[in-house]
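Undergrad: Pasting final.pdb below, which is PDB, C-alpha atoms, pLDDT in the B column.
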ATOM      1  CA  MET Q   1      19.844 -83.427  69.866  1.00 29.00           C
ATOM      2  CA  GLY Q   2      18.578 -79.938  70.749  1.00 35.00           C
ATOM      3  CA  VAL Q   3      18.803 -78.607  74.273  1.00 38.00           C
ATOM      4  CA  LEU Q   4      16.240 -76.538  76.090  1.00 43.00           C
ATOM      5  CA  ARG Q   5      17.749 -74.482  78.885  1.00 46.00           C
ATOM      6  CA  MET Q   6      15.523 -73.676  81.812  1.00 44.00           C
ATOM      7  CA  HIS Q   7      16.437 -71.248  84.566  1.00 40.00           C
ATOM      8  CA  CYS Q   8      15.757 -72.187  88.150  1.00 35.00           C
ATOM      9  CA  ALA Q   9      14.361 -69.104  89.886  1.00 37.00           C
ATOM     10  CA  ARG Q  10      15.770 -70.254  93.234  1.00 34.00           C
ATOM     11  CA  SER Q  11      19.331 -70.336  91.932  1.00 35.00           C
ATOM     12  CA  ARG Q  12      20.003 -67.320  89.755  1.00 38.00           C
ATOM     13  CA  SER Q  13      23.519 -68.518  89.006  1.00 35.00           C
ATOM     14  CA  LYS Q  14      22.601 -71.831  87.427  1.00 35.00           C
ATOM     15  CA  LEU Q  15      20.985 -72.724  84.112  1.00 40.00           C
ATOM     16  CA  TRP Q  16      19.450 -76.177  84.061  1.00 36.00           C
ATOM     17  CA  THR Q  17      19.563 -78.132  80.824  1.00 36.00           C
ATOM     18  CA  MET Q  18      17.529 -81.047  79.592  1.00 36.00           C
ATOM     19  CA  SER Q  19      17.148 -82.474  76.138  1.00 36.00           C
ATOM     20  CA  ILE Q  20      14.072 -81.666  74.071  1.00 37.00           C
ATOM     21  CA  ASP Q  21      13.358 -85.422  73.954  1.00 40.00           C
ATOM     22  CA  GLU Q  22      13.429 -85.652  77.772  1.00 40.00           C
ATOM     23  CA  TYR Q  23      11.190 -82.615  77.949  1.00 40.00           C
ATOM     24  CA  GLY Q  24       8.622 -84.232  75.705  1.00 42.00           C
ATOM     25  CA  GLY Q  25       9.082 -82.481  72.358  1.00 43.00           C
ATOM     26  CA  GLY Q  26      11.014 -85.182  70.550  1.00 44.00           C
ATOM     27  CA  GLN Q  27      11.336 -83.078  67.405  1.00 45.00           C
ATOM     28  CA  GLY Q  28      15.054 -83.646  66.826  1.00 40.00           C
ATOM     29  CA  PRO Q  29      17.839 -81.029  66.608  1.00 39.00           C
ATOM     30  CA  ARG Q  30      17.001 -77.445  67.524  1.00 47.00           C
ATOM     31  CA  PRO Q  31      19.042 -74.413  68.473  1.00 57.00           C
ATOM     32  CA  ASP Q  32      19.241 -73.579  72.164  1.00 84.00           C
ATOM     33  CA  VAL Q  33      16.513 -71.400  73.634  1.00 92.00           C
ATOM     34  CA  ILE Q  34      16.960 -70.018  77.132  1.00 94.00           C
ATOM     35  CA  VAL Q  35      13.632 -69.865  78.958  1.00 94.00           C
ATOM     36  CA  VAL Q  36      13.613 -68.036  82.296  1.00 95.00           C
ATOM     37  CA  THR Q  37      11.050 -66.866  84.804  1.00 95.00           C
ATOM     38  CA  THR Q  38      13.119 -63.754  85.517  1.00 96.00           C
ATOM     39  CA  ASN Q  39      13.460 -60.499  83.558  1.00 96.00           C
ATOM     40  CA  ASP Q  40      17.149 -61.046  82.828  1.00 94.00           C
ATOM     41  CA  VAL Q  41      19.694 -63.830  82.415  1.00 94.00           C
ATOM     42  CA  PRO Q  42      23.010 -63.633  84.256  1.00 94.00           C
ATOM     43  CA  GLY Q  43      25.864 -63.453  81.754  1.00 94.00           C
ATOM     44  CA  TYR Q  44      23.628 -62.300  78.886  1.00 96.00           C
ATOM     45  CA  ARG Q  45      22.291 -58.970  77.689  1.00 96.00           C
ATOM     46  CA  VAL Q  46      19.083 -58.380  75.752  1.00 97.00           C
ATOM     47  CA  GLN Q  47      19.906 -57.197  72.232  1.00 97.00           C
ATOM     48  CA  GLU Q  48      16.334 -57.037  70.988  1.00 97.00           C
ATOM     49  CA  VAL Q  49      12.831 -57.520  72.397  1.00 97.00           C
ATOM     50  CA  LEU Q  50      10.604 -59.324  69.883  1.00 97.00           C
ATOM     51  CA  GLY Q  51       7.392 -59.314  71.903  1.00 97.00           C
ATOM     52  CA  GLU Q  52       5.019 -61.720  73.585  1.00 97.00           C
ATOM     53  CA  VAL Q  53       4.964 -65.388  72.609  1.00 97.00           C
ATOM     54  CA  PHE Q  54       2.742 -68.151  73.874  1.00 96.00           C
ATOM     55  CA  GLY Q  55       1.978 -71.824  73.542  1.00 96.00           C
ATOM     56  CA  LEU Q  56      -1.579 -72.960  74.121  1.00 93.00           C
ATOM     57  CA  THR Q  57      -3.237 -76.342  74.412  1.00 91.00           C
ATOM     58  CA  VAL Q  58      -6.571 -77.598  75.688  1.00 87.00           C
ATOM     59  CA  ARG Q  59      -7.020 -81.160  76.895  1.00 81.00           C
ATOM     60  CA  SER Q  60     -10.392 -82.756  77.462  1.00 78.00           C
ATOM     61  CA  ARG Q  61     -10.964 -85.147  80.304  1.00 63.00           C
ATOM     62  CA  HIS Q  62     -12.151 -88.625  79.488  1.00 56.00           C
ATOM     63  CA  LEU Q  63     -14.845 -90.325  81.519  1.00 47.00           C
ATOM     64  CA  GLY Q  64     -12.536 -93.001  82.959  1.00 51.00           C
ATOM     65  CA  SER Q  65     -10.141 -90.501  84.482  1.00 52.00           C
ATOM     66  CA  GLN Q  66     -13.005 -88.463  85.916  1.00 53.00           C
ATOM     67  CA  ILE Q  67     -14.513 -91.507  87.627  1.00 52.00           C
ATOM     68  CA  GLY Q  68     -11.093 -92.604  88.922  1.00 53.00           C
ATOM     69  CA  ALA Q  69     -10.365 -89.102  90.184  1.00 52.00           C
ATOM     70  CA  GLY Q  70     -13.736 -88.948  91.908  1.00 55.00           C
ATOM     71  CA  LEU Q  71     -13.125 -92.228  93.711  1.00 53.00           C
ATOM     72  CA  LYS Q  72      -9.555 -91.281  94.634  1.00 52.00           C
ATOM     73  CA  SER Q  73     -10.686 -87.916  96.023  1.00 59.00           C
ATOM     74  CA  MET Q  74     -12.895 -89.742  98.537  1.00 59.00           C
ATOM     75  CA  VAL Q  75      -9.922 -91.707  99.879  1.00 63.00           C
ATOM     76  CA  GLY Q  76      -7.221 -89.069  99.409  1.00 67.00           C
ATOM     77  CA  GLY Q  77      -3.869 -89.180  97.688  1.00 70.00           C
ATOM     78  CA  GLU Q  78      -2.341 -88.151  94.393  1.00 71.00           C
ATOM     79  CA  LEU Q  79      -4.417 -88.395  91.227  1.00 67.00           C
ATOM     80  CA  ARG Q  80      -1.600 -89.908  89.166  1.00 73.00           C
ATOM     81  CA  GLY Q  81      -3.504 -90.180  85.887  1.00 72.00           C
ATOM     82  CA  LEU Q  82      -4.511 -86.532  86.028  1.00 73.00           C
ATOM     83  CA  THR Q  83      -1.015 -85.508  87.120  1.00 77.00           C
ATOM     84  CA  LYS Q  84       0.498 -87.306  84.131  1.00 81.00           C
ATOM     85  CA  THR Q  85      -1.986 -85.668  81.762  1.00 79.00           C
ATOM     86  CA  LEU Q  86      -1.276 -82.216  83.181  1.00 80.00           C
ATOM     87  CA  VAL Q  87       2.495 -82.702  82.870  1.00 85.00           C
ATOM     88  CA  GLN Q  88       2.081 -83.760  79.224  1.00 87.00           C
ATOM     89  CA  THR Q  89      -0.180 -80.769  78.614  1.00 87.00           C
ATOM     90  CA  ARG Q  90       2.300 -78.323  80.155  1.00 89.00           C
ATOM     91  CA  ASN Q  91       5.135 -79.841  78.116  1.00 91.00           C
ATOM     92  CA  GLN Q  92       3.132 -79.436  74.920  1.00 93.00           C
ATOM     93  CA  ALA Q  93       2.336 -75.789  75.732  1.00 95.00           C
ATOM     94  CA  MET Q  94       6.024 -75.174  76.532  1.00 94.00           C
ATOM     95  CA  GLU Q  95       7.127 -76.769  73.250  1.00 94.00           C
ATOM     96  CA  ARG Q  96       4.699 -74.552  71.318  1.00 95.00           C
ATOM     97  CA  LEU Q  97       6.041 -71.484  73.140  1.00 96.00           C
ATOM     98  CA  VAL Q  98       9.614 -72.388  72.151  1.00 96.00           C
ATOM     99  CA  GLU Q  99       8.556 -73.029  68.539  1.00 95.00           C
ATOM    100  CA  GLN Q 100       6.834 -69.630  68.350  1.00 96.00           C
ATOM    101  CA  ALA Q 101       9.861 -67.875  69.855  1.00 97.00           C
ATOM    102  CA  GLN Q 102      12.205 -69.565  67.360  1.00 95.00           C
ATOM    103  CA  ALA Q 103       9.897 -68.674  64.459  1.00 96.00           C
ATOM    104  CA  ARG Q 104      10.280 -65.008  65.441  1.00 96.00           C
ATOM    105  CA  GLY Q 105      14.072 -65.300  65.597  1.00 96.00           C
ATOM    106  CA  ALA Q 106      14.414 -65.420  69.386  1.00 96.00           C
ATOM    107  CA  ASN Q 107      16.990 -67.372  71.328  1.00 96.00           C
ATOM    108  CA  GLY Q 108      15.444 -66.549  74.706  1.00 96.00           C
ATOM    109  CA  VAL Q 109      12.142 -66.107  76.504  1.00 97.00           C
ATOM    110  CA  LEU Q 110      11.991 -63.868  79.574  1.00 97.00           C
ATOM    111  CA  ALA Q 111       9.303 -63.606  82.281  1.00 96.00           C
ATOM    112  CA  PHE Q 112       8.044 -67.105  81.457  1.00 96.00           C
ATOM    113  CA  ARG Q 113       4.791 -68.176  83.137  1.00 96.00           C
ATOM    114  CA  PHE Q 114       2.092 -70.845  82.938  1.00 93.00           C
ATOM    115  CA  ASP Q 115      -1.614 -70.082  83.172  1.00 92.00           C
ATOM    116  CA  VAL Q 116      -4.074 -72.931  83.751  1.00 87.00           C
ATOM    117  CA  THR Q 117      -7.851 -72.501  83.491  1.00 87.00           C
ATOM    118  CA  GLU Q 118     -10.957 -74.577  83.011  1.00 82.00           C
ATOM    119  CA  ALA Q 119     -12.128 -74.485  79.394  1.00 73.00           C
ATOM    120  CA  ALA Q 120     -15.918 -74.370  79.155  1.00 72.00           C
ATOM    121  CA  ASP Q 121     -16.229 -77.185  81.714  1.00 72.00           C
ATOM    122  CA  VAL Q 122     -14.951 -79.775  79.200  1.00 74.00           C
ATOM    123  CA  GLY Q 123     -11.209 -79.671  79.790  1.00 77.00           C
ATOM    124  CA  THR Q 124      -8.174 -77.790  80.955  1.00 81.00           C
ATOM    125  CA  GLU Q 125      -6.485 -74.974  79.050  1.00 87.00           C
ATOM    126  CA  VAL Q 126      -2.770 -74.511  79.636  1.00 90.00           C
ATOM    127  CA  CYS Q 127      -1.014 -71.441  78.285  1.00 94.00           C
ATOM    128  CA  ALA Q 128       2.757 -70.953  78.490  1.00 96.00           C
ATOM    129  CA  TYR Q 129       3.745 -67.337  77.817  1.00 97.00           C
ATOM    130  CA  GLY Q 130       6.626 -64.931  78.030  1.00 97.00           C
ATOM    131  CA  THR Q 131       8.609 -62.280  76.147  1.00 98.00           C
ATOM    132  CA  ALA Q 132      10.708 -63.410  73.173  1.00 97.00           C
ATOM    133  CA  VAL Q 133      14.133 -61.808  73.048  1.00 97.00           C
ATOM    134  CA  VAL Q 134      17.464 -62.034  71.266  1.00 96.00           C
ATOM    135  CA  LEU Q 135      20.174 -62.602  73.875  1.00 96.00           C
ATOM    136  CA  ALA Q 136      23.914 -62.058  73.476  1.00 95.00           C
ATOM    137  CA  GLN Q 137      26.487 -63.484  75.847  1.00 93.00           C
ATOM    138  CA  GLU Q 138      28.431 -60.780  77.728  1.00 91.00           C
TER     139      GLU Q 138
END
What would you get if you wrote out this structure as structure tokens?

TA:
Amino acid sequence: MGVLRMHCARSRSKLWTMSIDEYGGGQGPRPDVIVVTTNDVPGYRVQEVLGEVFGLTVRSRHLGSQIGAGLKSMVGGELRGLTKTLVQTRNQAMERLVEQAQARGANGVLAFRFDVTEAADVGTEVCAYGTAVVLAQE
């Protein structure tokens, strides 16, 4: 099973790992890709910068979730259906980012970010982006 390493910005000394299947990709074995929100990775040096990579997805809202969200917003509380959809959408964008980085020969993505916007009032666009790099362990 492949492993996706994610860096926790609050703890610069620790790389968090989770399986691709846990993360939502489920595509089977893959080489490791280190994805960080920082501009460097402790213990690694950048050998080559390959450029910007991104993963993009747009999800439409269905009528049922909109009605449920409208009712829930009157009472207050978490909109669990929408939360679940947004998590799945972010995971899909992240998986596409990793796939694009690997296709360019990268084993790391630096300065990783998410951008979320409304897409023509019919859904939500989620873009995961960063800089693809080749990392070497020091």

Undergrad: Would you work out the distance separating CA of Val35 in chain Q from CA of Val109 in chain Q, expressed in Å to one decimal?

TA: 4.7 Å

Undergrad: Check what the PyMOL selection byres ((chain Q and resi 87-102) around 9) selects in the file above and give those residues as a VMD selection string.

TA: chain Q and resid 4 20 23 to 25 31 33 35 50 52 to 59 82 to 86 103 to 109 114 124 to 133

Undergrad: Rounded to one decimal, what separation in Å do you get between CA of Asp115 in chain Q and CA of Arg80 in chain Q?

TA: 20.7 Å

Undergrad: What does the distance between CA of Gln137 in chain Q and CA of Val41 in chain Q come to in Å, to one decimal place?

TA: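 Rounded to one decimal, the two atoms are 9.5 Å apart.
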
Undergrad: Run the PyMOL selection byres ((chain Q and resi 36) around 7) on the file and write out the hits as a list in words.

TA: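 When the PyMOL selection byres ((chain Q and resi 36) around 7) is applied, the selected residues are Met6, His7, Ile34, Val35, Thr37, Thr38, Val109, Leu110, Ala111 and Phe112 of chain Q.
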
Undergrad: Could you write out as a PyMOL selection string the residues that the PyMOL selection byres ((chain Q and resi 122) around 7) matches in the shown file?

TA: chain Q and resi 60-61+119-121+123

Undergrad: Store the residues picked out above in a file with C-alpha atoms, as a PDB file, in the frame of the given file.

TA:
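Final file, part_12.pdb:
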ATOM      1  CA  SER Q  60     -10.392 -82.756  77.462  1.00 78.00           C
ATOM      2  CA  ARG Q  61     -10.964 -85.147  80.304  1.00 63.00           C
ATOM      3  CA  ALA Q 119     -12.128 -74.485  79.394  1.00 73.00           C
ATOM      4  CA  ALA Q 120     -15.918 -74.370  79.155  1.00 72.00           C
ATOM      5  CA  ASP Q 121     -16.229 -77.185  81.714  1.00 72.00           C
ATOM      6  CA  GLY Q 123     -11.209 -79.671  79.790  1.00 77.00           C
TER       7      GLY Q 123
END
